[in-house]
>>> print(open('upload_1.tsv').read())   # TSV, C-alpha atoms
chain	number	residue	atom	x	y	z
A	15	MET	CA	146.30	160.33	143.29
A	16	GLU	CA	144.62	163.22	141.50
A	17	MET	CA	147.01	162.90	138.54
A	18	SER	CA	146.32	159.15	138.29
A	19	PHE	CA	142.58	159.79	138.25
A	20	MET	CA	142.96	162.44	135.56
A	21	HIS	CA	145.17	160.11	133.52
A	22	LEU	CA	142.58	157.31	133.79
A	23	ALA	CA	139.78	159.68	132.84
A	24	GLY	CA	141.79	160.79	129.82
A	25	LEU	CA	142.29	157.19	128.69
A	26	ILE	CA	138.57	156.47	129.06
A	27	PHE	CA	137.77	159.55	127.01
A	28	LEU	CA	140.21	158.54	124.24
A	29	VAL	CA	138.82	155.01	124.08
A	30	THR	CA	135.25	156.33	123.96
A	31	LEU	CA	136.22	158.86	121.30
A	32	HIS	CA	137.93	156.16	119.24
A	33	HIS	CA	134.86	153.93	119.26
A	34	SER	CA	132.52	156.81	118.57
A	35	LEU	CA	134.63	157.75	115.53
A	36	ALA	CA	135.02	154.15	114.28
A	37	CYS	CA	131.44	153.02	114.77
A	38	PRO	CA	129.22	153.84	111.74
A	39	ASP	CA	126.10	155.95	112.11
A	40	GLY	CA	123.11	153.95	113.24
A	41	CYS	CA	125.24	151.16	114.69
A	42	ASN	CA	125.82	150.33	118.32
A	43	CYS	CA	129.45	149.61	119.13
A	44	THR	CA	130.96	148.84	122.51
A	45	VAL	CA	134.37	147.47	123.39
A	46	THR	CA	133.06	143.89	123.11
A	47	ASP	CA	129.91	144.04	120.97
A	48	VAL	CA	129.04	145.43	117.56
A	49	THR	CA	125.42	145.58	116.45
A	50	CYS	CA	124.86	146.99	113.01
A	51	PHE	CA	121.88	145.93	110.92
A	52	ASN	CA	119.78	147.39	108.13
A	53	ARG	CA	122.55	149.77	107.05
A	54	PRO	CA	122.57	149.71	103.20
A	55	HIS	CA	125.85	151.62	102.97
A	56	LEU	CA	127.78	149.92	105.72
A	57	GLY	CA	131.52	150.03	105.14
A	58	ALA	CA	134.12	147.35	105.72
A	59	PRO	CA	133.56	145.84	109.20
A	60	LYS	CA	137.31	145.66	109.77
A	61	GLU	CA	137.31	149.39	110.41
A	62	PHE	CA	135.29	149.19	113.65
A	63	LEU	CA	136.41	145.87	115.15
A	64	ASN	CA	139.12	145.22	117.71
A	65	LYS	CA	140.73	142.21	119.38
A	66	ARG	CA	138.31	142.48	122.33
A	67	THR	CA	135.22	142.20	120.12
A	68	GLU	CA	133.10	139.22	121.21
A	69	THR	CA	129.89	139.48	119.20
A	70	ILE	CA	129.13	140.99	115.79
A	71	ASP	CA	125.69	141.44	114.27
A	72	LEU	CA	125.84	142.45	110.61
A	73	THR	CA	122.34	141.30	109.69
A	74	ASP	CA	120.65	142.90	106.66
A	75	ASN	CA	123.35	145.37	105.64
A	76	ASN	CA	123.51	144.86	101.88
A	77	LEU	CA	126.94	143.24	102.25
A	78	THR	CA	128.16	141.33	99.21
A	79	MET	CA	131.52	140.22	100.64
A	80	ILE	CA	133.78	140.48	103.68
A	81	PRO	CA	137.20	142.08	103.13
A	82	ASP	CA	140.26	139.90	103.52
A	83	GLY	CA	141.43	139.74	107.13
A	84	ALA	CA	138.31	141.42	108.55
A	85	PHE	CA	137.90	138.82	111.30
A	86	ASP	CA	141.58	137.99	111.75
A	87	GLY	CA	143.07	138.67	115.18
A	88	LEU	CA	139.68	138.79	116.93
A	89	ILE	CA	140.81	136.44	119.68
A	90	SER	CA	137.73	137.06	121.84
A	91	LEU	CA	135.17	136.56	119.07
A	92	ARG	CA	132.33	134.17	120.03
A	93	TRP	CA	129.84	134.57	117.17
A	94	VAL	CA	128.97	136.60	114.09
A	95	LYS	CA	125.50	137.09	112.61
A	96	MET	CA	125.50	137.90	108.89
A	97	ALA	CA	122.09	136.76	107.62
A	98	ASP	CA	119.99	138.56	104.99
A	99	ASN	CA	122.89	139.97	103.02
A	100	PRO	CA	123.11	139.61	99.21
A	101	TRP	CA	126.40	137.69	99.10
A	102	ILE	CA	128.02	137.55	95.67
A	103	CYS	CA	129.83	134.23	95.54
A	104	ASP	CA	132.68	135.12	93.22
A	105	CYS	CA	136.39	135.39	93.95
A	106	ASP	CA	135.82	138.11	96.57
A	107	ILE	CA	133.77	135.75	98.77
A	108	PHE	CA	136.71	133.38	99.25
A	109	TYR	CA	137.84	134.97	102.54
A	110	LEU	CA	134.38	134.61	104.10
A	111	TYR	CA	134.10	131.06	102.73
A	112	SER	CA	137.50	130.10	104.21
A	113	TRP	CA	136.67	131.75	107.53
A	114	VAL	CA	133.34	129.90	107.81
A	115	MET	CA	134.95	126.58	106.88
A	116	ASN	CA	137.60	127.02	109.60
A	117	GLN	CA	135.13	127.71	112.42
A	118	ASN	CA	134.84	125.01	115.08
A	119	THR	CA	132.54	126.83	117.49
A	120	GLY	CA	129.53	124.68	116.63
A	121	ILE	CA	127.66	127.72	115.26
A	122	SER	CA	125.89	127.12	111.96
A	123	TYR	CA	126.17	129.59	109.09
A	124	LYS	CA	123.45	127.96	106.98
A	125	ASP	CA	121.70	131.33	106.62
A	126	LEU	CA	124.57	132.67	104.48
A	127	ARG	CA	123.43	132.12	100.90
A	128	CYS	CA	124.61	133.31	97.51
A	129	SER	CA	122.54	135.88	95.67
A	130	ALA	CA	124.80	135.72	92.61
A	131	PRO	CA	126.14	134.52	90.22
A	132	LYS	CA	123.13	132.82	88.72
A	133	ASN	CA	124.60	129.29	88.79
A	134	LEU	CA	125.20	129.56	92.56
A	135	GLN	CA	122.09	131.55	93.48
A	136	GLY	CA	120.47	130.26	96.70
A	137	ARG	CA	123.39	127.96	97.55
A	138	ARG	CA	124.68	127.94	101.13
A	139	ILE	CA	128.18	129.40	101.28
A	140	GLU	CA	129.39	126.71	103.67
A	141	LEU	CA	128.39	124.00	101.16
A	142	LEU	CA	130.14	125.51	98.16
A	143	LEU	CA	133.05	123.70	96.57
A	144	GLU	CA	136.33	125.55	96.45
A	145	HIS	CA	136.66	125.33	92.67
A	146	GLU	CA	133.20	126.87	92.23
A	147	ILE	CA	134.53	130.05	93.81
A	148	LEU	CA	138.02	130.01	92.36
A	149	SER	CA	136.73	129.54	88.83
A	150	SER	CA	135.82	133.25	88.88
A	151	CYS	CA	139.26	134.35	90.10
A	152	PRO	CA	141.83	135.85	87.74
A	153	ILE	CA	144.91	133.62	87.57
A	154	HIS	CA	147.18	136.16	89.27
A	155	GLU	CA	144.83	136.40	92.27
A	156	CYS	CA	144.83	132.69	93.03
A	157	THR	CA	148.45	131.93	92.17
A	158	TRP	CA	149.22	131.59	95.87
A	159	LEU	CA	146.45	129.02	96.24
A	160	ILE	CA	147.67	127.05	93.25
A	161	ALA	CA	151.18	127.12	94.67
A	162	SER	CA	149.86	125.99	98.04
A	163	HIS	CA	147.95	123.09	96.50
A	164	SER	CA	150.98	122.16	94.39
A	165	ALA	CA	153.19	122.13	97.48
A	166	LEU	CA	150.66	119.96	99.29
A	167	TYR	CA	150.47	117.58	96.33
A	168	LEU	CA	154.27	117.43	96.14
A	169	GLN	CA	154.44	116.70	99.86
A	170	VAL	CA	151.98	113.82	99.45
A	171	VAL	CA	153.96	112.43	96.50
A	172	VAL	CA	157.27	112.67	98.37
A	173	HIS	CA	155.71	110.99	101.41
A	174	ALA	CA	154.38	108.18	99.20
A	175	VAL	CA	157.77	107.72	97.52
A	176	LEU	CA	159.53	107.61	100.88
A	177	THR	CA	157.01	105.10	102.20
A	178	VAL	CA	157.41	102.84	99.16
A	179	SER	CA	161.20	103.16	99.36
A	180	MET	CA	161.16	102.22	103.03
A	181	LEU	CA	158.94	99.21	102.37
A	182	PHE	CA	161.21	98.12	99.51
A	183	PHE	CA	164.28	98.51	101.71
A	184	LEU	CA	162.69	96.44	104.48
A	185	ALA	CA	161.65	93.76	101.98
A	186	MET	CA	165.19	93.59	100.56
A	187	LYS	CA	166.65	93.40	104.04
A	188	GLN	CA	164.23	90.62	104.96
A	189	THR	CA	165.21	88.73	101.80
A	190	SER	CA	168.91	89.18	102.57
A	191	LEU	CA	168.41	87.91	106.10
A	192	TYR	CA	166.45	84.93	104.76
A	193	LYS	CA	169.23	84.08	102.30
A	194	LEU	CA	171.90	84.50	104.98
A	195	ARG	CA	169.93	82.23	107.31
A	196	ASN	CA	169.68	79.59	104.58
A	197	LYS	CA	173.42	79.79	103.97
A	198	ASP	CA	174.07	79.37	107.68
A	199	ASN	CA	171.80	76.33	107.71
A	200	GLU	CA	173.58	74.86	104.69
A	201	TYR	CA	176.97	75.51	106.26
A	202	ASN	CA	175.91	73.89	109.52
A	203	LEU	CA	174.62	70.85	107.61
A	204	ILE	CA	177.88	70.52	105.70
A	205	VAL	CA	179.90	70.77	108.91
A	206	LYS	CA	177.64	68.22	110.58
A	207	ASN	CA	177.99	65.82	107.67
A	208	ALA	CA	181.74	66.32	107.62
A	209	VAL	CA	182.00	65.56	111.33
A	210	SER	CA	179.79	62.50	110.91
A	211	ASN	CA	181.94	61.23	108.06
A	212	THR	CA	185.13	61.76	110.07
A	213	GLU	CA	183.72	59.97	113.08
A	214	TYR	CA	182.62	57.09	110.82
A	215	GLU	CA	186.10	56.82	109.33
A	216	VAL	CA	187.71	56.78	112.78
A	217	LEU	CA	185.28	54.12	113.96
A	218	GLU	CA	185.87	52.02	110.84
A	219	SER	CA	189.63	52.31	111.34
A	220	LYS	CA	189.34	51.08	114.93
A	221	ILE	CA	187.23	48.12	113.86
A	222	SER	CA	189.82	47.15	111.27
A	223	GLU	CA	192.63	47.41	113.84
A	224	ASN	CA	190.72	45.14	116.22
A	225	LYS	CA	190.24	42.52	113.50
A	226	ASP	CA	193.93	42.61	112.60
A	227	GLY	CA	194.89	42.27	116.25
>>> encode(input="upload_1.tsv", output="structure tokens")
Amino acid sequence: MEMSFMHLAGLIFLVTLHHSLACPDGCNCTVTDVTCFNRPHLGAPKEFLNKRTETIDLTDNNLTMIPDGAFDGLISLRWVKMADNPWICDCDIFYLYSWVMNQNTGISYKDLRCSAPKNLQGRRIELLLEHEILSSCPIHECTWLIASHSALYLQVVVHAVLTVSMLFFLAMKQTSLYKLRNKDNEYNLIVKNAVSNTEYEVLESKISENKDG
């Protein structure tokens, strides 16, 4: 029992030490909440977040971008406050833009606005168009995105071709069935006429025999 208590105390100490080392000066970090505002030299938030983090307040920290993957894997995250930061809406803002666009929590991020470049100054990040951001990206940095869009376009084209091919096949099959049905009708008419002619000949032959008799 004593060993178990000591082991638990050691774990608590290690967890506390880890958070005290990871949490920047002037910030308040717990297992589930991170509050860090008005810190001009705040580092990458990824360094002091964990999968149990629920709330993050990064208000007024002179942040210009969020590093790729900073909020990935935060399965308990409920909201993030990031207002009053001078966001530079160039290629480096694409992760934050994508993350905001993929949120379905009902929380608005209308307070996230671009401070630069000049042509995007004052624009809400969530209302930017993708090409407005990617236009500032070097080609090698957005090759994966171009490839992704190309694959999506190819998928749409293939789907359209398959759909048209299927419709054409069904139309041809319908036409073939229509022609076959017409041939059956013609054949049945010919057979019917042939039977009628035969019956008429037999009847005419019997009438002739009766007259001769």
>>> closest_residue(input="upload_1.tsv", among="A:Tyr192, A:Phe85, A:Trp93, A:Phe51", to="Ser122 in chain A", atoms="all atoms listed in the file")
A:Trp93
>>> atom_distance(input="upload_1.tsv", atom1="CA of Lys65 in chain A", atom2="CA of Thr46 in chain A")
8.7 Å
>>> atom_distance(input="upload_1.tsv", atom1="CA of Leu110 in chain A", atom2="CA of Asn52 in chain A")
19.8 Å
>>> atom_distance(input="upload_1.tsv", atom1="CA of Met115 in chain A", atom2="CA of Cys37 in chain A")
27.8 Å
>>> residues_near_point(input="upload_1.tsv", point="(128.5, 138.1, 112.5)", cutoff="10 Å", atoms="only C-alpha atoms", output="ChimeraX atom specification")
/A:48-50,59,68-73,85,91-97,123
>>> write_last_selection(input="upload_1.tsv", atoms="C-alpha atoms", output="CSV table (one decimal), in the frame of the given file")
chain,number,residue,atom,x,y,z
A,48,VAL,CA,129.0,145.4,117.6
A,49,THR,CA,125.4,145.6,116.4
A,50,CYS,CA,124.9,147.0,113.0
A,59,PRO,CA,133.6,145.8,109.2
A,68,GLU,CA,133.1,139.2,121.2
A,69,THR,CA,129.9,139.5,119.2
A,70,ILE,CA,129.1,141.0,115.8
A,71,ASP,CA,125.7,141.4,114.3
A,72,LEU,CA,125.8,142.4,110.6
A,73,THR,CA,122.3,141.3,109.7
A,85,PHE,CA,137.9,138.8,111.3
A,91,LEU,CA,135.2,136.6,119.1
A,92,ARG,CA,132.3,134.2,120.0
A,93,TRP,CA,129.8,134.6,117.2
A,94,VAL,CA,129.0,136.6,114.1
A,95,LYS,CA,125.5,137.1,112.6
A,96,MET,CA,125.5,137.9,108.9
A,97,ALA,CA,122.1,136.8,107.6
A,123,TYR,CA,126.2,129.6,109.1
>>> residues_around(input="upload_1.tsv", residues="Glu144 in chain A", least_positions_apart="2", cutoff="10 Å", atoms="all atoms listed in the file", output="ChimeraX atom specification")
/A:108,111-112,141-142,146-149
>>> closest_residue(input="upload_1.tsv", among="A:Cys105, A:Gln188, A:Ile89, A:Gly40", to="Arg66 in chain A", atoms="only C-alpha atoms")
A:Ile89
>>> residues_near_point(input="upload_1.tsv", point="(124.5, 136.8, 89.6)", cutoff="10 Å", atoms="only C-alpha atoms", output="PDB file with C-alpha atoms, in the coordinates of the input")
ATOM      1  CA  TRP A 101     126.400 137.690  99.100  1.00  0.00           C
ATOM      2  CA  ILE A 102     128.020 137.550  95.670  1.00  0.00           C
ATOM      3  CA  CYS A 103     129.830 134.230  95.540  1.00  0.00           C
ATOM      4  CA  ASP A 104     132.680 135.120  93.220  1.00  0.00           C
ATOM      5  CA  CYS A 128     124.610 133.310  97.510  1.00  0.00           C
ATOM      6  CA  SER A 129     122.540 135.880  95.670  1.00  0.00           C
ATOM      7  CA  ALA A 130     124.800 135.720  92.610  1.00  0.00           C
ATOM      8  CA  PRO A 131     126.140 134.520  90.220  1.00  0.00           C
ATOM      9  CA  LYS A 132     123.130 132.820  88.720  1.00  0.00           C
ATOM     10  CA  ASN A 133     124.600 129.290  88.790  1.00  0.00           C
ATOM     11  CA  LEU A 134     125.200 129.560  92.560  1.00  0.00           C
ATOM     12  CA  GLN A 135     122.090 131.550  93.480  1.00  0.00           C
TER      13      GLN A 135
END
>>> closest_residue(input="upload_1.tsv", among="A:Gly136, A:Gly87, A:Pro81, A:Pro54", to="Ile107 in chain A", atoms="only C-alpha atoms")
A:Pro81
